[in-house]
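Printed here is work.cif (mmCIF, C-alpha atoms and all ligand atoms):
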```cif
data_structure
loop_
_atom_site.label_atom_id
_atom_site.label_comp_id
_atom_site.auth_asym_id
_atom_site.auth_seq_id
_atom_site.Cartn_x
_atom_site.Cartn_y
_atom_site.Cartn_z
CA MET A 2 -15.73 -3.81 -13.19
CA MET A 3 -15.43 -6.50 -15.87
CA ASN A 4 -18.51 -8.67 -16.38
CA LYS A 5 -16.66 -11.32 -18.31
CA THR A 6 -16.38 -14.57 -16.34
CA ILE A 7 -13.24 -16.56 -16.90
CA PRO A 8 -12.70 -20.18 -15.91
CA ILE A 9 -11.05 -20.58 -12.52
CA ARG A 10 -10.54 -24.03 -11.02
CA ILE A 11 -11.63 -24.09 -7.39
CA ASP A 12 -10.17 -26.38 -4.76
CA LYS A 13 -11.64 -25.49 -1.36
CA THR A 14 -9.95 -26.28 1.92
CA LYS A 15 -11.43 -29.11 3.97
CA GLN A 16 -10.33 -27.47 7.20
CA SER A 17 -11.15 -23.74 7.48
CA ARG A 18 -9.07 -21.84 10.06
CA LEU A 19 -11.86 -19.29 10.65
CA GLU A 20 -13.15 -20.85 13.85
CA THR A 21 -9.71 -20.89 15.46
CA THR A 22 -8.75 -17.36 14.37
CA ASN A 23 -8.94 -14.52 16.87
CA PHE A 24 -10.32 -11.41 15.16
CA ASP A 25 -9.83 -9.21 18.23
CA ASN A 26 -6.79 -6.92 18.24
CA LEU A 27 -5.89 -7.75 14.64
CA ALA A 28 -2.35 -6.68 13.84
CA PHE A 29 -1.27 -6.06 10.26
CA GLY A 30 -0.41 -8.99 8.02
CA GLN A 31 -0.09 -11.79 10.55
CA ILE A 32 -3.07 -13.89 9.54
CA ILE A 33 -3.69 -15.12 6.01
CA SER A 34 -7.20 -16.24 4.99
CA ASP A 35 -8.08 -19.80 3.93
CA HIS A 36 -7.52 -19.53 0.16
CA MET A 37 -5.26 -17.98 -2.44
CA PHE A 38 -5.60 -17.24 -6.14
CA VAL A 39 -2.85 -18.47 -8.47
CA ALA A 40 -2.17 -18.03 -12.20
CA GLU A 41 0.86 -19.16 -14.18
CA TYR A 42 2.50 -17.26 -17.04
CA LYS A 43 3.91 -19.80 -19.50
CA ASP A 44 4.50 -19.79 -23.26
CA GLY A 45 3.57 -16.09 -23.43
CA GLU A 46 0.16 -16.31 -21.74
CA TRP A 47 -1.52 -16.44 -18.35
CA GLN A 48 -3.03 -19.84 -17.71
CA GLU A 49 -3.94 -22.46 -15.07
CA LEU A 50 -6.11 -19.99 -13.12
CA ARG A 51 -7.10 -21.53 -9.80
CA ILE A 52 -8.09 -20.94 -6.21
CA GLU A 53 -6.58 -23.31 -3.72
CA PRO A 54 -6.06 -23.61 0.04
CA TYR A 55 -3.46 -21.15 1.33
CA GLY A 56 -0.28 -23.01 2.11
CA PRO A 57 3.38 -23.51 1.25
CA MET A 58 4.43 -23.86 -2.35
CA GLN A 59 7.44 -25.52 -3.85
CA ILE A 60 10.18 -23.19 -5.04
CA ASN A 61 13.34 -24.39 -6.68
CA PRO A 62 16.43 -22.86 -5.01
CA ALA A 63 17.43 -21.53 -8.46
CA ASN A 64 14.17 -19.51 -8.70
CA ALA A 65 15.05 -16.15 -10.28
CA THR A 66 13.05 -14.05 -7.80
CA LEU A 67 15.09 -15.41 -4.89
CA HIS A 68 18.25 -14.18 -6.57
CA TYR A 69 17.34 -11.07 -8.56
CA GLY A 70 14.07 -9.84 -7.01
CA GLN A 71 11.97 -9.58 -10.17
CA SER A 72 8.76 -9.13 -8.24
CA VAL A 73 6.00 -6.51 -7.85
CA PHE A 74 2.97 -6.30 -5.59
CA GLU A 75 -0.13 -4.33 -4.67
CA GLY A 76 -2.18 -3.62 -1.58
CA LEU A 77 -5.90 -2.87 -1.48
CA LYS A 78 -8.73 -3.49 0.95
CA ALA A 79 -12.21 -5.00 1.12
CA TYR A 80 -14.79 -3.76 3.60
CA ARG A 81 -18.23 -4.89 4.62
CA ASN A 82 -21.14 -2.43 4.66
CA GLU A 83 -24.15 -2.56 6.97
CA LYS A 84 -26.06 -4.76 4.52
CA GLY A 85 -23.19 -7.24 4.57
CA GLU A 86 -22.13 -6.45 0.98
CA ILE A 87 -18.44 -6.59 0.08
CA LEU A 88 -16.95 -3.24 -0.95
CA VAL A 89 -13.49 -2.91 -2.51
CA PHE A 90 -11.87 0.52 -2.56
CA ARG A 91 -10.40 1.63 -5.92
CA GLY A 92 -9.44 -1.85 -7.10
CA ASP A 93 -9.24 -0.61 -10.69
CA ALA A 94 -6.50 1.85 -9.71
CA ASN A 95 -4.52 -0.94 -8.02
CA GLN A 96 -4.89 -3.15 -11.07
CA ARG A 97 -3.49 -0.40 -13.30
CA ARG A 98 -0.65 0.36 -10.89
CA LEU A 99 0.32 -3.31 -10.67
CA ASN A 100 0.84 -3.27 -14.42
CA GLU A 101 2.78 0.02 -14.31
CA SER A 102 5.11 -1.60 -11.77
CA ALA A 103 5.26 -4.78 -13.88
CA ARG A 104 6.30 -2.86 -17.00
CA ARG A 105 9.16 -1.19 -15.11
CA MET A 106 10.40 -4.54 -13.83
CA CYS A 107 10.10 -6.30 -17.20
CA ILE A 108 7.24 -8.49 -15.94
CA PRO A 109 4.29 -9.34 -18.24
CA GLU A 110 1.11 -7.41 -17.41
CA VAL A 111 -1.79 -9.14 -15.72
CA PRO A 112 -4.98 -8.69 -17.80
CA GLU A 113 -7.71 -6.74 -16.00
CA GLU A 114 -10.19 -9.63 -16.22
CA ILE A 115 -7.77 -12.07 -14.55
CA PHE A 116 -6.98 -9.61 -11.74
CA MET A 117 -10.65 -8.70 -11.17
CA GLU A 118 -12.18 -12.14 -11.56
CA GLY A 119 -9.46 -13.77 -9.46
CA MET A 120 -10.03 -11.22 -6.70
CA ARG A 121 -13.84 -11.40 -6.99
CA LYS A 122 -13.93 -15.17 -6.72
CA LEU A 123 -11.41 -15.22 -3.86
CA LEU A 124 -13.46 -12.66 -1.92
CA GLU A 125 -16.63 -14.64 -2.56
CA ILE A 126 -15.04 -17.80 -1.15
CA ASP A 127 -13.33 -16.10 1.80
CA LYS A 128 -15.96 -13.43 2.50
CA ASP A 129 -16.28 -14.52 6.14
CA TRP A 130 -12.67 -13.43 6.63
CA ILE A 131 -13.69 -9.77 6.20
CA PRO A 132 -13.58 -8.57 9.80
CA ARG A 133 -16.67 -7.06 11.39
CA GLN A 134 -14.65 -5.25 14.06
CA PRO A 135 -14.74 -1.43 13.73
CA GLY A 136 -11.81 -0.01 11.79
CA CYS A 137 -10.79 -3.43 10.44
CA SER A 138 -10.80 -4.68 6.87
CA LEU A 139 -9.54 -7.47 4.62
CA TYR A 140 -6.19 -6.51 3.12
CA ILE A 141 -5.75 -7.89 -0.39
CA ARG A 142 -2.21 -8.59 -1.59
CA PRO A 143 -1.85 -9.31 -5.33
CA PHE A 144 1.73 -10.01 -6.44
CA VAL A 145 3.66 -11.24 -9.47
CA PHE A 146 7.08 -12.84 -9.44
CA ALA A 147 9.56 -14.50 -11.76
CA ALA A 148 9.29 -18.30 -11.83
CA ASP A 149 12.24 -19.38 -14.01
CA ASP A 150 14.82 -21.62 -12.41
CA TYR A 151 17.85 -19.97 -13.91
CA LEU A 152 20.92 -18.27 -12.48
CA GLY A 153 21.70 -16.07 -15.47
CA ILE A 154 20.42 -12.52 -15.34
CA ARG A 155 17.63 -11.82 -17.81
CA PRO A 156 13.84 -11.33 -17.54
CA SER A 157 12.18 -14.60 -16.63
CA ASN A 158 10.07 -16.47 -19.17
CA ASN A 159 7.68 -17.82 -16.53
CA TYR A 160 5.84 -15.97 -13.76
CA LYS A 161 3.26 -16.52 -11.05
CA PHE A 162 0.46 -14.07 -10.25
CA MET A 163 -1.08 -14.70 -6.85
CA ILE A 164 -3.56 -13.02 -4.52
CA LEU A 165 -3.61 -13.50 -0.76
CA THR A 166 -5.99 -11.85 1.68
CA SER A 167 -5.44 -11.00 5.33
CA PRO A 168 -7.82 -9.62 7.96
CA VAL A 169 -6.17 -6.51 9.38
CA GLY A 170 -6.42 -3.65 11.78
CA ASN A 171 -4.41 -0.45 11.43
CA TYR A 172 -0.81 -0.72 10.25
CA TYR A 173 0.14 1.90 12.83
CA SER A 174 -1.89 1.58 16.01
CA LYS A 175 -0.77 4.98 17.32
CA PRO A 176 0.68 8.25 15.96
CA VAL A 177 4.17 7.74 14.56
CA ALA A 178 7.60 9.23 15.16
CA VAL A 179 9.63 9.68 11.97
CA LYS A 180 13.23 10.56 11.21
CA VAL A 181 14.34 12.55 8.16
CA GLU A 182 16.88 10.34 6.35
CA THR A 183 19.73 12.24 4.73
CA GLN A 184 22.40 9.54 4.33
CA TYR A 185 20.75 6.64 2.52
CA ALA A 186 18.51 6.92 -0.56
CA ARG A 187 15.29 5.02 -1.25
CA ALA A 188 15.11 6.06 -4.90
CA VAL A 189 16.77 8.21 -7.54
CA GLU A 190 15.43 9.67 -10.78
CA GLY A 191 15.52 6.97 -13.43
CA GLY A 192 15.36 4.23 -10.78
CA THR A 193 12.47 2.09 -9.60
CA GLY A 194 11.07 4.32 -6.82
CA ALA A 195 7.62 4.67 -8.42
CA ALA A 196 7.20 0.92 -8.84
CA LYS A 197 5.77 -1.22 -6.07
CA ALA A 198 8.75 -3.49 -6.47
CA ALA A 199 9.89 -5.86 -3.74
CA GLY A 200 13.48 -4.58 -3.92
CA ASN A 201 12.46 -1.01 -2.98
CA TYR A 202 11.25 -2.34 0.34
CA ALA A 203 14.28 -4.58 0.88
CA GLY A 204 16.63 -1.65 0.29
CA SER A 205 14.87 0.46 2.90
CA LEU A 206 15.12 -2.11 5.69
CA PHE A 207 18.64 -1.37 6.88
CA PRO A 208 18.28 2.43 7.22
CA ALA A 209 14.78 1.99 8.70
CA ARG A 210 16.11 -0.55 11.22
CA LYS A 211 18.80 1.93 12.29
CA ALA A 212 16.13 4.58 12.92
CA GLN A 213 13.92 2.05 14.74
CA ASN A 214 16.82 1.18 17.02
CA GLU A 215 16.96 4.87 17.90
CA GLY A 216 13.25 4.84 18.79
CA TYR A 217 11.61 6.10 15.57
CA ASP A 218 8.86 4.22 13.75
CA GLN A 219 9.81 5.12 10.19
CA LEU A 220 11.96 7.29 7.96
CA LEU A 221 11.03 10.35 5.97
CA TRP A 222 13.03 9.72 2.81
CA THR A 223 14.60 12.69 1.07
CA ASP A 224 15.55 12.93 -2.62
CA GLY A 225 18.46 10.65 -3.44
CA LYS A 226 20.61 13.38 -5.02
CA THR A 227 20.65 16.36 -2.65
CA HIS A 228 18.80 14.99 0.41
CA GLN A 229 17.22 18.43 0.70
CA TYR A 230 13.62 17.62 -0.15
CA ILE A 231 11.10 15.34 1.53
CA GLU A 232 9.84 12.52 -0.70
CA GLU A 233 7.84 9.74 1.03
CA SER A 234 8.00 7.38 3.93
CA GLY A 235 8.38 3.98 2.26
CA THR A 236 5.29 2.53 3.94
CA MET A 237 3.23 5.60 2.99
CA ASN A 238 3.21 8.95 1.19
CA VAL A 239 3.47 11.96 3.49
CA MET A 240 1.54 15.22 3.71
CA PHE A 241 1.94 18.37 5.77
CA VAL A 242 -0.46 21.16 6.70
CA ILE A 243 1.56 24.36 6.90
CA ASP A 244 -0.16 27.71 7.35
CA GLY A 245 -3.50 26.21 6.31
CA LYS A 246 -2.14 24.64 3.11
CA LEU A 247 -1.82 20.95 2.36
CA ILE A 248 1.63 20.17 0.94
CA THR A 249 2.82 16.87 -0.53
CA ALA A 250 5.59 15.89 -2.92
CA PRO A 251 4.66 15.50 -6.60
CA THR A 252 5.05 12.06 -8.18
CA SER A 253 6.41 13.41 -11.50
CA THR A 254 10.07 12.57 -10.74
CA GLY A 255 9.34 8.82 -10.74
CA THR A 256 10.94 8.49 -7.30
CA ILE A 257 7.73 8.33 -5.26
CA LEU A 258 4.95 5.76 -5.20
CA LYS A 259 1.78 7.08 -6.81
CA GLY A 260 -0.30 6.37 -3.73
CA ILE A 261 -3.98 5.66 -4.30
CA THR A 262 -4.82 6.92 -0.80
CA ARG A 263 -2.61 9.94 -1.57
CA ASP A 264 -4.66 10.62 -4.70
CA SER A 265 -7.96 10.12 -2.83
CA VAL A 266 -6.93 12.52 -0.04
CA LEU A 267 -5.93 15.19 -2.58
CA ILE A 268 -9.28 14.85 -4.37
CA LEU A 269 -11.20 15.11 -1.08
CA ALA A 270 -9.00 18.04 0.07
CA ARG A 271 -9.83 20.03 -3.05
CA GLU A 272 -13.54 19.27 -2.51
CA MET A 273 -13.19 20.53 1.07
CA ASN A 274 -11.67 23.79 -0.30
CA MET A 275 -8.35 23.02 1.33
CA PRO A 276 -5.55 24.75 -0.60
CA VAL A 277 -3.32 21.99 -2.05
CA GLU A 278 0.31 22.37 -3.10
CA GLU A 279 1.91 19.39 -4.86
CA ARG A 280 5.51 20.52 -4.56
CA PHE A 281 8.73 19.46 -2.94
CA LEU A 282 9.05 20.62 0.64
CA ALA A 283 12.62 21.45 1.63
CA VAL A 284 13.86 19.91 4.87
CA GLY A 285 14.84 23.45 5.92
CA GLU A 286 11.33 24.73 5.28
CA LEU A 287 9.87 21.86 7.28
CA GLU A 288 12.22 22.60 10.19
CA GLU A 289 11.41 26.30 10.03
CA ALA A 290 7.66 25.50 10.04
CA LEU A 291 8.15 23.27 13.09
CA ILE A 292 10.12 25.98 14.94
CA SER A 293 7.73 28.81 14.06
CA GLY A 294 4.62 26.77 14.85
CA LYS A 295 3.34 27.07 11.26
CA LEU A 296 3.30 23.30 10.88
CA GLU A 297 -0.20 22.35 11.96
CA GLU A 298 -0.34 18.67 10.97
CA ALA A 299 1.77 15.95 9.39
CA PHE A 300 0.49 12.54 8.36
CA GLY A 301 1.13 9.56 6.13
CA THR A 302 -1.31 8.13 3.60
CA GLY A 303 -1.40 4.56 2.34
CA THR A 304 -3.63 1.52 1.96
CA ALA A 305 -2.17 -0.23 4.99
CA ALA A 306 -1.49 2.95 6.96
CA THR A 307 -4.77 4.69 5.93
CA VAL A 308 -4.17 8.19 7.37
CA ALA A 309 -1.42 7.84 9.98
CA PHE A 310 -0.80 10.83 12.21
CA ILE A 311 2.81 11.90 12.76
CA ARG A 312 3.58 13.03 16.31
CA LEU A 313 7.31 13.68 16.11
CA ILE A 314 9.85 14.48 13.39
CA ASN A 315 13.60 14.17 13.84
CA ILE A 316 15.64 16.49 11.61
CA HIS A 317 19.44 16.35 11.62
CA GLY A 318 19.42 14.74 15.08
CA LYS A 319 16.90 17.11 16.67
CA ASP A 320 13.44 15.91 17.76
CA TYR A 321 10.48 18.19 17.06
CA VAL A 322 7.21 17.27 18.74
CA LEU A 323 4.16 18.24 16.70
CA PRO A 324 1.35 20.27 18.23
CA GLU A 325 -1.67 18.42 19.63
CA LYS A 326 -4.17 17.93 16.86
CA ALA A 327 -6.80 20.69 16.96
CA ASP A 328 -10.53 19.93 16.83
CA GLY A 329 -11.58 19.73 13.19
CA ALA A 330 -8.02 19.03 12.00
CA PHE A 331 -7.90 18.29 8.27
CA SER A 332 -6.34 14.83 8.73
CA THR A 333 -9.14 13.77 11.08
CA ARG A 334 -11.84 15.06 8.76
CA VAL A 335 -10.37 13.45 5.66
CA LEU A 336 -9.83 10.12 7.45
CA THR A 337 -13.47 10.13 8.58
CA GLN A 338 -14.69 10.92 5.09
CA LEU A 339 -12.52 8.25 3.51
CA ASP A 340 -13.69 5.66 6.04
CA ASP A 341 -17.33 6.66 5.52
CA ILE A 342 -16.90 6.02 1.78
CA LYS A 343 -14.97 2.76 2.24
CA TYR A 344 -17.47 1.26 4.69
CA GLY A 345 -20.42 2.47 2.56
CA ARG A 346 -21.74 4.81 5.25
CA ILE A 347 -22.05 7.72 2.80
CA LYS A 348 -22.70 7.87 -0.93
CA ASP A 349 -19.62 7.30 -3.06
CA GLU A 350 -19.63 10.35 -5.36
CA TYR A 351 -16.35 9.35 -7.01
CA GLY A 352 -16.90 5.87 -8.42
CA TRP A 353 -14.30 4.50 -6.00
CA ILE A 354 -16.27 1.60 -4.57
CA MET A 355 -16.53 -1.73 -6.37
CA LYS A 356 -19.39 -3.79 -4.96
CA PHE A 357 -18.98 -7.55 -5.02
C1 LIG A 401 0.28 -0.88 1.42
O1 LIG A 401 -0.06 0.15 2.01
O2 LIG A 401 -0.55 -1.59 0.82
C2 LIG A 401 1.67 -1.31 1.36
O3 LIG A 401 1.99 -2.08 0.52
C3 LIG A 401 2.64 -0.82 2.37
C4 LIG A 401 3.33 -1.96 3.03
C5 LIG A 401 4.40 -1.42 3.88
C6 LIG A 401 2.40 -2.80 3.85
#
```

Could I get this structure in the form of structure tokens?
Ligand code: COI
Amino acid sequence: MMNKTIPIRIDKTKQSRLETTNFDNLAFGQIISDHMFVAEYKDGEWQELRIEPYGPMQINPANATLHYGQSVFEGLKAYRNEKGEILVFRGDANQRRLNESARRMCIPEVPEEIFMEGMRKLLEIDKDWIPRQPGCSLYIRPFVFAADDYLGIRPSNNYKFMILTSPVGNYYSKPVAVKVETQYARAVEGGTGAAKAAGNYAGSLFPARKAQNEGYDQLLWTDGKTHQYIEESGTMNVMFVIDGKLITAPTSTGTILKGITRDSVLILAREMNMPVEERFLAVGELEEALISGKLEEAFGTGTAATVAFIRLINIHGKDYVLPEKADGAFSTRVLTQLDDIKYGRIKDEYGWIMKF
């Protein structure tokens, strides 16, 4: 973590919403905490760093983001340990990934000290928004977007970097049903699939809505060219345990988000002596594993989703129900270990926890 302190103007709310907020049964993303961090990119530098009450902001209808979607974001979480200290999971990795996404979308990078100090100060001010309820956390949403008022198409000259926080429970409250998508594409090689860019999510809404209308929770995207290989799920990376091996798609094609939970699960899996295969899984191989009973587990990994168990997979119109999870299933063990690290219940051997 950076030690450098940078000047941030603080304007605290006179009317906290904490007292009137119900922290029981927290859904994902519905409540935003009292304050937000804001920085402006003007004349080639980030400036006007401030924390102010969360609330509406003025946007000119000609704002470039509204028209062309030059916008990237991140998602990370803060937890509270038994001593009441604030723990942030792998914030350095999110900071780096925000800038990788920014580069792809022609957005200026956010310096590490602005990201870290903005987040640190915001968490200090809104620390009482970190839920104490088991399994809950404070979701942190940094994002950068174009701020030029201009209808021509070119990279903006002005940007805003902002951080919001939101007390959350699980993104998926129960095991999910997914549908293998073989008509629409989320990403293609050379595209923006690896970036956490707003447009990737917008483009997935229509196909996902179609699947939701048929009763599925999410899609399992396949590669955009042949639709023969499983890629990710849009809201999360996906992993399968087949014949005792953990299989997940590689991120080398640039079509899949380099999930930080994905990376953490793979590191923990290797430590647990679980054989890991980072390779593309053919839809046919997945179907065959479901039919033969070789598919033991399937789950998604993500900051919001954590480790989300998959209970049903639809392939080419046919529903396959996954077996009941066995005692000691890998996904349960890895979720427990991840949670124990995030909530500070066990020693963090990996340097993943940032203490604030
Ligand atoms: C996250 O896991 O942080 C995401 O951004 C996924 C989003 C669908 C909430």

Report task. May I have the residues at most 7 Å from (-10.0, 14.6, 4.3) in the file's coordinates, counting only C-alpha atoms, as a VMD selection string? Result -> chain A and resid 266 269 to 270 331 to 336 338 to 339

Report task. Enumerate as number ranges by chain the residues within 6 Å of ligand LIG 401 (chain A), counting all atoms listed in the file. Result -> A: 76-77, 236, 303-306

Query raised in the report: Which polymer residues have any atom within 12 Å of an atom of Ser157 (chain A), counting all atoms listed in the file, with same-chain residues fewer than 5 positions away left out, as a PyMOL selection string?
Result: chain A and resi 42-45+63-66+68-72+106-109+145-152

Near region 90-103 of chain A, 8 Å: region 298-357 of chain A residue rows, closest pairs, only C-alpha atoms, as JSON lines:
```
{"residue": "A:Lys343", "atom": "CA", "partner": "A:Phe90", "partner_atom": "CA", "distance": 6.1}
{"residue": "A:Trp353", "atom": "CA", "partner": "A:Arg91", "partner_atom": "CA", "distance": 4.8}
{"residue": "A:Ile354", "atom": "CA", "partner": "A:Phe90", "partner_atom": "CA", "distance": 5.0}
{"residue": "A:Met355", "atom": "CA", "partner": "A:Phe90", "partner_atom": "CA", "distance": 6.4}
```

Where's the centre, and what are the edge lengths in Å to one decimal, of a box along x, y and z enclosing all listed atoms of region 141-147 of chain A padded 6 Å per side, as JSON?
```
{"center_x": 1.9, "center_y": -11.2, "center_z": -6.1, "size_x": 27.3, "size_y": 18.6, "size_z": 23.4}
```

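Rounded to one decimal, CA of Gly216 (chain A) and CA of Gly294 (chain A) lie 23.9 Å from each other.
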
Query raised in the report: Using only C-alpha atoms, which residue out of A:Arg51, A:Arg133, A:Arg155, A:Arg312 lies closest to Ile115 (chain A)?
Result: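 Residue with the minimum atom-to-atom distance to Ile115 (chain A): A:Arg51.
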
Query raised in the report: What does the distance between CA of Pro176 (chain A) and CA of Val308 (chain A) come to in Å, to one decimal place?
Result: 9.9 Å

Report task. Name the closest residue to Gly235 (chain A) among the candidates A:Arg263, A:Lys15, A:Arg187, A:Lys128; distances are taken between atoms, counting all atoms listed in the file. Result ->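 Under the stated criterion, the closest residue is A:Arg187.
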
Query raised in the report: Quick one: residues within 10 Å of Lys122 (chain A), all atoms listed in the file counted, chain neighbours fewer than 2 positions away excluded, as a VMD selection string?
Result: chain A and resid 6 9 11 38 51 to 52 117 to 120 124 to 128 357

Requested in this report: Kindly indicate which residue among A:Arg81, A:Arg104, A:Lys295, A:Lys197 lies nearest to Pro156 (chain A), using all atoms listed in the file for the distances.
Outcome: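 Of A:Arg81, A:Arg104, A:Lys295, A:Lys197, the one nearest Pro156 (chain A), counting all atoms listed in the file, is A:Arg104.
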
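Comparing the minimum interatomic distances between Ile292 (chain A) and each of A:Lys161, A:Asp320, A:Val111, A:Asp328, counting all atoms listed in the file, we find that A:Asp320 sits nearest.
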
Query raised in the report: So, counting all atoms listed in the file, which residue among A:Ala188, A:Met58, A:Leu50, A:Ile32 is closest to Ile257 (chain A)?
Result: A:Ala188

Query raised in the report: Which polymer residues have any atom within 10 Å of an atom of region 223-231 of chain A, counting all atoms listed in the file, with same-chain residues fewer than 5 positions away left out, as a list in words?
Result: Val181, Glu182, Thr183, Gln184, Tyr185, Ala186, Arg187, Ala188, Val189, Glu190, Val239, Met240, Thr249, Ala250, Thr254, Thr256, Ile257, Arg280, Phe281, Leu282, Ala283, Val284, Gly285, Glu286 and Leu287 of chain A

Query raised in the report: Mind pulling up the distance from CA of Phe162 (chain A) to CA of Glu20 (chain A)?
Result: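 So the answer is 28.5 Å.
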
Query raised in the report: Of the candidates A:Lys175, A:Lys78, A:Arg105, A:Arg210, which one gets nearest to Arg142 (chain A) if we count all atoms listed in the file?
Result: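 Among the listed residues, the smallest separation from Arg142 (chain A) belongs to A:Lys78.
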